[in-house]
Every structure is written in C-alpha cells, then in structure tokens.
file start-v2.csv (CSV, C-alpha atoms)
chain,number,residue,atom,x,y,z
A,1,MET,CA,0.0,0.0,0.0
A,2,ASP,CA,1.2,3.5,-0.8
A,3,ASN,CA,2.6,5.2,2.3
A,4,ASN,CA,0.8,8.5,1.6
A,5,LYS,CA,-2.5,6.7,1.2
A,6,MET,CA,-1.8,4.8,4.5
A,7,ILE,CA,-1.2,8.1,6.3
A,8,GLN,CA,-4.5,9.5,5.0
A,9,GLU,CA,-6.6,6.4,5.8
A,10,HIS,CA,-5.1,5.5,9.2
A,11,PRO,CA,-3.7,8.6,10.8
A,12,GLU,CA,-4.8,7.5,14.3
A,13,GLN,CA,-3.1,4.1,13.9
A,14,LEU,CA,0.2,5.7,12.8
A,15,ALA,CA,0.0,8.2,15.7
A,16,MET,CA,-0.5,5.3,18.2
A,17,GLU,CA,2.4,3.4,16.7
A,18,LYS,CA,4.6,6.4,17.0
A,19,ARG,CA,3.6,6.9,20.7
A,20,ARG,CA,4.2,3.2,21.4
A,21,LYS,CA,7.8,3.5,20.0
A,22,ASN,CA,8.5,6.6,21.9
A,23,THR,CA,7.2,5.0,25.1
A,24,ALA,CA,9.4,1.9,24.5
A,25,GLU,CA,12.5,4.1,23.9
A,26,VAL,CA,11.8,6.1,27.1
A,27,ALA,CA,11.2,2.8,29.1
A,28,GLY,CA,14.4,1.3,27.7
A,29,LYS,CA,16.4,4.4,28.6
A,30,ARG,CA,15.0,4.5,32.1
A,31,SER,CA,15.8,0.8,32.5
A,32,ASP,CA,19.4,1.4,31.6
A,33,GLU,CA,19.6,4.4,34.0
A,34,ASN,CA,18.2,2.1,36.7
A,35,ILE,CA,21.3,0.0,36.4
A,36,ALA,CA,23.5,2.9,37.3
A,37,GLU,CA,21.3,3.9,40.2
A,38,LEU,CA,21.1,0.4,41.6
A,39,VAL,CA,24.8,-0.1,41.4
A,40,GLN,CA,25.3,3.1,43.3
A,41,ASN,CA,22.8,2.2,46.0
A,42,LYS,CA,24.2,-1.3,46.3
A,43,ILE,CA,27.8,-0.1,46.7
A,44,GLU,CA,26.9,2.6,49.2
A,45,LYS,CA,25.1,0.0,51.3
A,46,MET,CA,28.1,-2.3,51.2
A,47,GLN,CA,30.3,0.7,52.2
A,48,GLU,CA,28.0,1.5,55.1
A,49,SER,CA,28.1,-2.1,56.3
A,50,GLY,CA,31.9,-2.2,56.1
A,51,GLU,CA,32.0,-4.8,53.3
A,52,ILE,CA,34.0,-2.5,51.0
A,53,HIS,CA,36.3,0.4,51.7
A,54,PHE,CA,37.3,3.4,49.5
A,55,PRO,CA,40.0,6.1,49.8
A,56,ALA,CA,38.7,9.1,51.9
A,57,ASN,CA,38.4,11.3,48.8
A,58,TYR,CA,36.7,8.8,46.6
A,59,SER,CA,33.0,9.6,45.6
A,60,VAL,CA,31.0,6.6,44.4
A,61,SER,CA,28.3,8.8,43.0
A,62,ASN,CA,30.8,11.0,41.0
A,63,ALA,CA,32.5,7.9,39.7
A,64,ILE,CA,29.3,6.3,38.5
A,65,ARG,CA,28.0,9.5,37.0
A,66,SER,CA,31.3,9.9,35.1
A,67,ALA,CA,31.3,6.3,34.0
A,68,TRP,CA,27.7,6.5,32.8
A,69,LEU,CA,28.5,9.5,30.6
A,70,GLN,CA,31.4,7.6,29.0
A,71,ILE,CA,29.3,4.5,28.5
A,72,GLN,CA,26.6,6.5,26.8
A,73,GLU,CA,29.2,7.7,24.3
A,74,THR,CA,30.8,4.3,23.8
A,75,LYS,CA,30.2,2.5,20.5
A,76,ASP,CA,31.1,-0.8,19.0
A,77,LEU,CA,33.1,-1.4,15.8
A,78,ASN,CA,30.0,-0.9,13.7
A,79,ASP,CA,29.3,2.5,15.3
A,80,ARG,CA,26.3,1.2,17.3
A,81,PRO,CA,25.8,2.6,20.9
A,82,ALA,CA,27.0,0.2,23.6
A,83,LEU,CA,23.7,0.5,25.5
A,84,GLU,CA,21.9,-0.9,22.4
A,85,VAL,CA,24.1,-3.9,21.8
A,86,CYS,CA,25.4,-4.8,25.3
A,87,THR,CA,23.6,-6.9,27.9
A,88,ARG,CA,22.4,-5.2,31.0
A,89,GLU,CA,24.5,-7.7,33.0
A,90,SER,CA,27.7,-6.6,31.4
A,91,VAL,CA,26.8,-2.9,31.8
A,92,ALA,CA,26.2,-3.5,35.5
A,93,ASN,CA,29.4,-5.6,35.8
A,94,ALA,CA,31.5,-2.8,34.1
A,95,LEU,CA,30.2,-0.3,36.6
A,96,LEU,CA,30.8,-2.7,39.5
A,97,ASN,CA,34.4,-3.3,38.4
A,98,THR,CA,34.9,0.4,38.2
A,99,VAL,CA,33.7,1.4,41.6
A,100,ILE,CA,34.9,-1.7,43.5
A,101,GLN,CA,38.5,-0.8,42.5
A,102,GLY,CA,37.9,2.9,43.4
A,103,LEU,CA,38.7,4.0,39.8
A,104,SER,CA,37.8,7.4,38.4
A,105,PRO,CA,36.7,7.6,34.7
A,106,SER,CA,37.2,11.3,34.8
A,107,LYS,CA,40.9,10.8,35.7
A,108,LYS,CA,41.4,8.5,32.7
A,109,GLN,CA,41.8,5.5,35.1
A,110,VAL,CA,39.3,3.3,33.2
A,111,TYR,CA,37.8,3.0,29.8
A,112,TYR,CA,34.9,1.1,28.3
A,113,ILE,CA,34.9,-1.0,25.2
A,114,VAL,CA,32.3,-3.3,23.5
A,115,TYR,CA,33.3,-6.9,22.8
A,116,LYS,CA,30.5,-8.7,21.0
A,117,ASN,CA,27.5,-8.1,23.2
A,118,GLN,CA,29.5,-7.4,26.3
A,119,LEU,CA,30.6,-4.0,27.8
A,120,LEU,CA,34.0,-4.3,29.3
A,121,ALA,CA,35.8,-2.0,31.7
A,122,GLN,CA,39.5,-1.7,30.9
A,123,ARG,CA,41.9,-0.2,33.4
A,124,SER,CA,44.5,2.4,32.3
A,125,TYR,CA,48.1,2.5,33.4
A,126,PHE,CA,47.1,5.2,35.9
A,127,GLY,CA,44.3,3.0,37.2
A,128,THR,CA,46.5,0.1,37.8
A,129,ILE,CA,48.8,2.2,40.0
A,130,SER,CA,45.9,3.7,41.8
A,131,VAL,CA,44.3,0.3,42.6
A,132,THR,CA,47.6,-1.1,43.8
A,133,LYS,CA,48.1,1.8,46.2
A,134,ARG,CA,44.9,0.8,47.9
A,135,ILE,CA,46.5,-2.4,49.1
A,136,PRO,CA,47.5,-1.9,52.8
A,137,LEU,CA,51.2,-0.8,53.4
A,138,VAL,CA,51.8,0.1,49.7
A,139,LYS,CA,53.5,3.5,49.5
A,140,ASP,CA,54.3,3.9,45.9
A,141,VAL,CA,54.5,2.1,42.5
A,142,TRP,CA,57.1,3.1,39.9
A,143,ALA,CA,59.2,1.7,37.0
A,144,ASP,CA,62.3,2.5,35.1
A,145,VAL,CA,64.1,1.4,31.9
A,146,VAL,CA,67.7,0.0,31.7
A,147,TYR,CA,69.6,1.0,28.6
A,148,ASP,CA,72.7,-0.5,27.1
A,149,GLY,CA,75.6,1.0,29.0
A,150,ASP,CA,73.7,1.5,32.3
A,151,VAL,CA,75.1,0.2,35.5
A,152,PHE,CA,72.5,-2.2,36.7
A,153,GLN,CA,72.6,-4.9,39.4
A,154,ALA,CA,69.8,-7.1,40.7
A,155,LYS,CA,69.6,-10.4,42.6
A,156,LYS,CA,67.0,-13.1,43.0
A,157,HIS,CA,65.2,-12.8,46.3
A,158,ARG,CA,62.6,-15.2,47.7
A,159,GLY,CA,61.3,-16.0,44.2
A,160,GLY,CA,61.3,-12.4,43.1
A,161,TRP,CA,63.9,-9.7,42.5
A,162,LYS,CA,65.7,-7.1,44.5
A,163,ILE,CA,67.1,-4.1,42.7
A,164,LEU,CA,70.6,-3.4,44.1
A,165,GLU,CA,71.9,-0.6,41.8
A,166,HIS,CA,70.9,1.4,38.7
A,167,GLU,CA,73.0,4.2,37.3
A,168,SER,CA,72.3,5.9,34.0
A,169,SER,CA,72.9,9.2,32.2
A,170,PRO,CA,70.8,11.2,29.6
A,171,GLU,CA,73.3,10.2,26.9
A,172,GLN,CA,72.4,6.6,27.3
A,173,MET,CA,68.6,7.1,27.0
A,174,ASP,CA,68.3,5.6,23.5
A,175,PRO,CA,64.9,3.9,22.9
A,176,GLY,CA,66.6,1.6,20.4
A,177,LYS,CA,68.9,0.2,23.1
A,178,ILE,CA,66.5,-0.9,25.8
A,179,LYS,CA,67.8,-4.0,27.7
A,180,TYR,CA,65.3,-4.3,30.6
A,181,ALA,CA,62.5,-2.6,32.3
A,182,TYR,CA,61.7,-3.1,36.0
A,183,ALA,CA,58.9,-2.1,38.4
A,184,VAL,CA,59.1,-1.6,42.1
A,185,ILE,CA,56.2,-1.6,44.6
A,186,GLU,CA,57.3,0.1,47.8
A,187,ARG,CA,55.8,-1.0,51.0
A,188,GLU,CA,55.7,0.5,54.5
A,189,GLY,CA,57.8,-1.6,56.9
A,190,GLU,CA,58.1,-4.4,54.4
A,191,GLU,CA,60.6,-5.3,51.7
A,192,ASP,CA,59.9,-3.8,48.3
A,193,PHE,CA,58.4,-6.0,45.6
A,194,ALA,CA,60.2,-5.9,42.3
A,195,GLU,CA,59.7,-7.4,38.9
A,196,ILE,CA,62.1,-7.3,35.9
A,197,MET,CA,61.4,-8.0,32.2
A,198,THR,CA,63.9,-8.3,29.4
A,199,TRP,CA,63.3,-6.4,26.1
A,200,ASP,CA,62.5,-9.7,24.4
A,201,GLN,CA,59.8,-10.5,27.0
A,202,ILE,CA,58.3,-7.0,26.6
A,203,GLN,CA,58.1,-7.4,22.9
A,204,LYS,CA,56.5,-10.8,23.2
A,205,SER,CA,53.9,-9.3,25.6
A,206,TRP,CA,53.1,-6.6,23.0
A,207,ALA,CA,52.7,-9.2,20.2
A,208,LYS,CA,50.0,-11.0,22.3
A,209,SER,CA,48.1,-7.8,22.9
A,210,ARG,CA,44.5,-7.7,21.7
A,211,SER,CA,45.2,-4.3,20.2
A,212,LYS,CA,46.5,-4.6,16.7
A,213,ASN,CA,47.6,-1.0,16.6
A,214,GLN,CA,51.2,-1.0,17.9
A,215,ASN,CA,52.1,2.5,16.8
A,216,VAL,CA,52.1,3.8,20.4
A,217,HIS,CA,54.6,1.1,21.3
A,218,LYS,CA,56.9,2.0,18.4
A,219,GLU,CA,56.8,5.7,19.1
A,220,PHE,CA,57.2,5.5,22.9
A,221,PRO,CA,58.9,2.2,23.6
A,222,ASP,CA,60.4,3.3,26.9
A,223,GLN,CA,57.2,4.6,28.3
A,224,MET,CA,55.2,1.6,27.1
A,225,ALA,CA,57.9,-0.8,28.5
A,226,LYS,CA,57.4,0.8,31.9
A,227,ARG,CA,53.6,0.3,31.6
A,228,THR,CA,54.1,-3.3,30.7
A,229,VAL,CA,56.3,-4.2,33.6
A,230,ILE,CA,54.2,-2.3,36.1
A,231,ASN,CA,51.1,-4.2,34.9
A,232,ARG,CA,52.9,-7.5,35.2
A,233,ALA,CA,54.3,-6.6,38.7
A,234,CYS,CA,51.0,-5.5,40.0
A,235,LYS,CA,49.2,-8.6,38.7
A,236,ILE,CA,51.7,-10.8,40.4
A,237,PHE,CA,51.5,-8.7,43.6
A,238,PHE,CA,47.7,-8.9,43.7
A,239,ASN,CA,47.9,-12.7,43.5
A,240,THR,CA,50.1,-12.8,46.6
A,241,CYS,CA,48.4,-10.1,48.8
A,242,ASP,CA,45.7,-10.7,51.3
A,243,ASP,CA,43.0,-8.3,50.5
A,244,SER,CA,39.3,-8.1,49.6
A,245,ASP,CA,38.2,-10.9,47.2
A,246,LEU,CA,35.9,-8.5,45.5
A,247,LEU,CA,38.8,-6.0,44.9
A,248,ILE,CA,41.1,-8.8,43.6
A,249,GLU,CA,38.4,-10.3,41.4
A,250,ALA,CA,37.6,-6.9,39.9
A,251,PHE,CA,41.3,-6.2,39.3
A,252,HIS,CA,41.8,-9.4,37.3
A,253,ALA,CA,38.6,-8.7,35.3
A,254,THR,CA,39.8,-5.4,34.0
A,255,GLY,CA,43.0,-5.8,32.1
A,256,ASP,CA,45.0,-2.8,31.0
A,257,GLN,CA,43.9,-1.1,27.8
A,258,TYR,CA,47.3,-1.7,26.1
A,259,GLU,CA,48.3,-5.0,27.8
A,260,ASN,CA,45.1,-7.0,27.8
A,261,GLN,CA,46.4,-10.2,26.1
A,262,CYS,CA,43.1,-12.1,26.1
A,263,SER,CA,41.0,-12.7,23.0
A,264,GLU,CA,38.1,-13.3,25.3
A,265,PRO,CA,37.0,-11.3,28.4
A,266,GLU,CA,38.6,-12.7,31.5
A,267,LYS,CA,36.4,-14.9,33.7
A,268,PRO,CA,36.3,-14.0,37.4
A,269,ALA,CA,38.0,-16.6,39.6
A,270,SER,CA,35.2,-16.5,42.2
A,271,GLN,CA,31.5,-15.9,42.2
A,272,ASN,CA,31.4,-12.7,44.3
A,273,LEU,CA,31.0,-10.3,41.4
A,274,ALA,CA,28.6,-12.8,39.6
A,275,THR,CA,26.4,-13.0,42.7
A,276,LEU,CA,26.4,-9.2,43.2
A,277,ASN,CA,25.6,-8.7,39.5
A,278,ALA,CA,22.7,-11.2,39.6
A,279,GLU,CA,21.2,-9.3,42.6
A,280,LEU,CA,21.4,-6.0,40.7
A,281,ILE,CA,19.8,-7.4,37.6
A,282,GLU,CA,17.0,-8.9,39.6
A,283,GLU,CA,16.3,-5.5,41.2
A,284,VAL,CA,16.3,-3.9,37.7
A,285,VAL,CA,13.7,-6.4,36.5
A,286,GLU,CA,11.6,-5.8,39.7
A,287,ASN,CA,11.6,-2.1,39.0
A,288,GLU,CA,10.6,-2.3,35.4
call {"tool": "encode", "arguments": {"input": "start-v2.csv", "output": "structure tokens"}}
result
Amino acid sequence: MDNNKMIQEHPEQLAMEKRRKNTAEVAGKRSDENIAELVQNKIEKMQESGEIHFPANYSVSNAIRSAWLQIQETKDLNDRPALEVCTRESVANALLNTVIQGLSPSKKQVYYIVYKNQLLAQRSYFGTISVTKRIPLVKDVWADVVYDGDVFQAKKHRGGWKILEHESSPEQMDPGKIKYAYAVIEREGEEDFAEIMTWDQIQKSWAKSRSKNQNVHKEFPDQMAKRTVINRACKIFFNTCDDSDLLIEAFHATGDQYENQCSEPEKPASQNLATLNAELIEEVVENE
C-alpha cells in the first residue's frame, strides 16, 4: 500500500504506533539508567556495612556519573551505541568493576569497550597504579628502563627480584637500546616487591596484545615498557596479597587497555561479582 495513502486512511493508527515506539524508547532508557542507580545504591550499602572500603576522597556517585557519561558515548566497531548492543548484566558488571576498584573515569583511570554483546571496563596504566596503592602498606609504585651501557645490578630474592643498583645518564637514553624494564612496589615496613622484564619478554607481551595498533609502542617504547612491567608486577603482587576478594576479582577482570592479552573477556575466579551482578539485575527487573 502507498505510504501517503496509509497516512491519509489510518492517521490514528500511525500516531498510536509512534507513541508506542517513543514510550518503549523512554522505558528502555529508564531501565538502563536504573542499572547505574542500583549499582550506586548497592555499593553505598556495602560501604555503610563495612563490606567494602574506599579512599577518603573517593566519591562513588561521582565515579558512576562519570562512568555513565562515558558508557553513553561508547560504540562498537559498527558504530552502534554500547547501550543498544550490550547486555544489562555486562553494563552492571562494568560499573561494579569500576567502583569496587575505586577507579575514576574522569581521571582516565578506566575506559569502556564493546566486545560482541559485552561491555568491558579496561583499566589504564594510571588506574593500575591507583588500585595497587589501595593495598595496605603500599606506599608507591614506579618503574624504570635500563639501557645498554647503564650500571644495573639485581639479585633473585625469595622467588622475586631485589634491585641493588641502577645508574644511568641522559646520553644513554636511547629507545633503540633498551635492555630491561623493572617495576618496584614500595611497602611500609616491608621489603619492596620488584619485577624485571627483558626487552624480548616485553616485545612478546606486546605481540600478544588484543590491540593490533602497535604505533604507540613503536613511538614511545620506553614509556610503554614501563607500563608493561608495572602491569605485570601489579598482577603478580595482587595474586600474593591478602585483601578483599571483590577487589582482587575486579582487578583481574579489568586488564590494562594496552596490555590485555586475552582474545576473550577474563572470567572472574570466584562468584562474588557474579552474585552481586545477579542481585542487581534482579532488582532492575523488579523495578521495570
């Protein structure tokens, strides 16, 4: 039937259909927004009951508000909005992983990407350092690069490394002559935790990265080498520390944006986040 003729013969029907679509869009948008609200309420209740702790200057509401703005702008490879293609469970999980780690989207500590129908939170280099500093007794996290010609000494210590000496000069800072990169996690009243990677190990790590665009690694190999060894050191350190299962689980579920080596999203080791996520989705359904 001709569209013009349909409009003339059934104007009421077309108007009703338009109202129905508008109502569905509004309802869908409200449902999505409910996820953010419920995540915030759930986290704040856990904070009040002592189940989770945040730095004194961390605002859960500000973090979720900032995360939600980013998620609304996030699109998949086909330029489709994340909120249209991603499951509500994955959206809730991305928000949970953000706030449980005390990450701030506005400080570029976490980003959001679409993988198939899943929304994933990916920690940045700055986010990894921030989360690690939340572990009790951790004072600082830093890294450095060892160039050909540097004076560098390290020794094996209780399954790890201990940095004994590193001397360099500006003349030796040649990105084409990197030998090692090392990261140090300084601890109050405890021995420092250190990790060392050879240049060959670093390059192999980059080759396994999900990101196929390696331009940033080629242009800034020294800075990217520091990021790589810090990510490795922090991951090993988290596996040895005695801290909140939720925090550790969220940490492992949000690999670094440049160093995520998995072709599939990482599966949480325990069911803490999965249970929390299921409770939130159940509340979303009940409120629809």
call {"tool": "atom_distance", "arguments": {"input": "start-v2.csv", "atom1": "CA of Asp150 in chain A", "atom2": "CA of Glu167 in chain A"}}
result
5.7 Å
call {"tool": "residues_around", "arguments": {"input": "start-v2.csv", "residues": "Thr198 in chain A", "least_positions_apart": "2", "cutoff": "9 Å", "atoms": "only C-alpha atoms", "output": "PDB file with C-alpha atoms, keeping the file's coordinate frame"}}
result
ATOM      1  CA  ILE A 178      66.500  -0.900  25.800  1.00  0.00           C
ATOM      2  CA  LYS A 179      67.800  -4.000  27.700  1.00  0.00           C
ATOM      3  CA  TYR A 180      65.300  -4.300  30.600  1.00  0.00           C
ATOM      4  CA  ALA A 181      62.500  -2.600  32.300  1.00  0.00           C
ATOM      5  CA  TYR A 182      61.700  -3.100  36.000  1.00  0.00           C
ATOM      6  CA  ILE A 196      62.100  -7.300  35.900  1.00  0.00           C
ATOM      7  CA  ASP A 200      62.500  -9.700  24.400  1.00  0.00           C
ATOM      8  CA  GLN A 201      59.800 -10.500  27.000  1.00  0.00           C
ATOM      9  CA  ILE A 202      58.300  -7.000  26.600  1.00  0.00           C
ATOM     10  CA  GLN A 203      58.100  -7.400  22.900  1.00  0.00           C
TER      11      GLN A 203
END
call {"tool": "residues_around", "arguments": {"input": "start-v2.csv", "residues": "Thr240 in chain A", "least_positions_apart": "3", "cutoff": "12 Å", "atoms": "all atoms listed in the file", "output": "ChimeraX atom specification"}}
result
/A:135,159-160,193,233-237,243,248
call {"tool": "residues_around", "arguments": {"input": "start-v2.csv", "residues": "Asp222 in chain A", "least_positions_apart": "6", "cutoff": "10 Å", "atoms": "all atoms listed in the file", "output": "ChimeraX atom specification"}}
result
/A:144-147,173-178,180-181,228
call {"tool": "atom_distance", "arguments": {"input": "start-v2.csv", "atom1": "CA of Val216 in chain A", "atom2": "CA of Ile185 in chain A"}}
result
25.1 Å
call {"tool": "atom_distance", "arguments": {"input": "start-v2.csv", "atom1": "CA of Val229 in chain A", "atom2": "CA of Lys116 in chain A"}}
result
29.1 Å
call {"tool": "residues_around", "arguments": {"input": "start-v2.csv", "residues": "Asn231 in chain A", "least_positions_apart": "4", "cutoff": "9 Å", "atoms": "only C-alpha atoms", "output": "list of chain:residue names"}}
result
A:Tyr125, A:Thr128, A:Ile129, A:Ala183, A:Lys226, A:Arg227, A:Lys235, A:Ile236, A:Gly255, A:Asp256, A:Glu259
call {"tool": "decode", "arguments": {"input": "start-v2.csv", "residues": "range 117-128 of chain A", "atoms": "all heavy atoms", "output": "CSV table (one decimal), in the first residue's frame"}}
result
chain,number,residue,atom,x,y,z
A,117,ASN,N,28.6,-8.7,22.5
A,117,ASN,CA,27.5,-8.1,23.2
A,117,ASN,C,27.8,-7.8,24.7
A,117,ASN,O,26.9,-7.6,25.5
A,117,ASN,CB,26.2,-9.0,23.1
A,117,ASN,CG,26.4,-10.2,24.0
A,117,ASN,OD1,27.5,-10.7,24.3
A,117,ASN,ND2,25.2,-10.8,24.3
A,118,GLN,N,29.1,-7.7,25.0
A,118,GLN,CA,29.5,-7.4,26.3
A,118,GLN,C,30.2,-6.0,26.4
A,118,GLN,O,31.0,-5.6,25.6
A,118,GLN,CB,30.5,-8.5,26.8
A,118,GLN,CG,30.0,-9.9,26.7
A,118,GLN,CD,29.0,-10.1,27.8
A,118,GLN,OE1,29.2,-10.0,29.0
A,118,GLN,NE2,27.8,-10.4,27.4
A,119,LEU,N,29.9,-5.3,27.5
A,119,LEU,CA,30.6,-4.0,27.8
A,119,LEU,C,31.7,-4.4,28.8
A,119,LEU,O,31.4,-5.0,29.9
A,119,LEU,CB,29.6,-3.0,28.4
A,119,LEU,CG,30.3,-1.7,28.7
A,119,LEU,CD1,30.6,-0.9,27.4
A,119,LEU,CD2,29.3,-0.8,29.6
A,120,LEU,N,32.9,-4.0,28.5
A,120,LEU,CA,34.0,-4.3,29.3
A,120,LEU,C,34.7,-3.0,29.9
A,120,LEU,O,34.8,-2.1,29.1
A,120,LEU,CB,35.1,-5.1,28.6
A,120,LEU,CG,34.7,-6.4,27.9
A,120,LEU,CD1,35.8,-7.0,27.1
A,120,LEU,CD2,34.1,-7.4,28.9
A,121,ALA,N,35.0,-3.1,31.1
A,121,ALA,CA,35.8,-2.0,31.7
A,121,ALA,C,37.3,-2.3,31.6
A,121,ALA,O,37.7,-3.5,31.9
A,121,ALA,CB,35.4,-1.8,33.2
A,122,GLN,N,38.1,-1.4,31.1
A,122,GLN,CA,39.5,-1.7,30.9
A,122,GLN,C,40.3,-0.6,31.7
A,122,GLN,O,40.1,0.6,31.4
A,122,GLN,CB,40.0,-1.7,29.5
A,122,GLN,CG,39.6,-3.0,28.7
A,122,GLN,CD,40.4,-3.2,27.5
A,122,GLN,OE1,40.5,-2.3,26.7
A,122,GLN,NE2,40.9,-4.4,27.3
A,123,ARG,N,41.1,-1.1,32.6
A,123,ARG,CA,41.9,-0.2,33.4
A,123,ARG,C,43.0,0.5,32.6
A,123,ARG,O,43.6,-0.2,31.7
A,123,ARG,CB,42.5,-1.0,34.6
A,123,ARG,CG,42.5,-0.3,35.9
A,123,ARG,CD,43.0,-1.3,37.0
A,123,ARG,NE,44.0,-2.2,36.5
A,123,ARG,CZ,43.7,-3.5,36.4
A,123,ARG,NH1,42.5,-4.0,36.6
A,123,ARG,NH2,44.7,-4.4,35.9
A,124,SER,N,43.3,1.7,32.9
A,124,SER,CA,44.5,2.4,32.3
A,124,SER,C,45.7,2.1,33.2
A,124,SER,O,45.6,1.6,34.3
A,124,SER,CB,44.3,3.9,32.1
A,124,SER,OG,44.3,4.5,33.4
A,125,TYR,N,46.9,2.5,32.7
A,125,TYR,CA,48.1,2.5,33.4
A,125,TYR,C,48.0,3.2,34.8
A,125,TYR,O,48.4,2.7,35.8
A,125,TYR,CB,49.2,3.1,32.5
A,125,TYR,CG,50.5,3.5,33.2
A,125,TYR,CD1,51.4,2.6,33.7
A,125,TYR,CD2,50.8,4.9,33.3
A,125,TYR,CE1,52.6,3.0,34.3
A,125,TYR,CE2,52.0,5.3,33.9
A,125,TYR,CZ,52.9,4.3,34.4
A,125,TYR,OH,54.0,4.7,34.9
A,126,PHE,N,47.3,4.4,34.7
A,126,PHE,CA,47.1,5.2,35.9
A,126,PHE,C,46.2,4.5,36.9
A,126,PHE,O,46.3,4.5,38.1
A,126,PHE,CB,46.6,6.5,35.6
A,126,PHE,CG,47.5,7.3,34.6
A,126,PHE,CD1,47.1,7.5,33.3
A,126,PHE,CD2,48.7,7.8,35.0
A,126,PHE,CE1,47.9,8.1,32.4
A,126,PHE,CE2,49.5,8.5,34.1
A,126,PHE,CZ,49.1,8.6,32.8
A,127,GLY,N,45.2,3.8,36.3
A,127,GLY,CA,44.3,3.0,37.2
A,127,GLY,C,44.9,1.9,37.9
A,127,GLY,O,44.6,1.6,39.1
A,128,THR,N,45.8,1.2,37.2
A,128,THR,CA,46.5,0.1,37.8
A,128,THR,C,47.3,0.5,39.0
A,128,THR,O,47.3,-0.1,40.1
A,128,THR,CB,47.5,-0.6,36.8
A,128,THR,OG1,46.7,-1.2,35.7
A,128,THR,CG2,48.3,-1.7,37.4
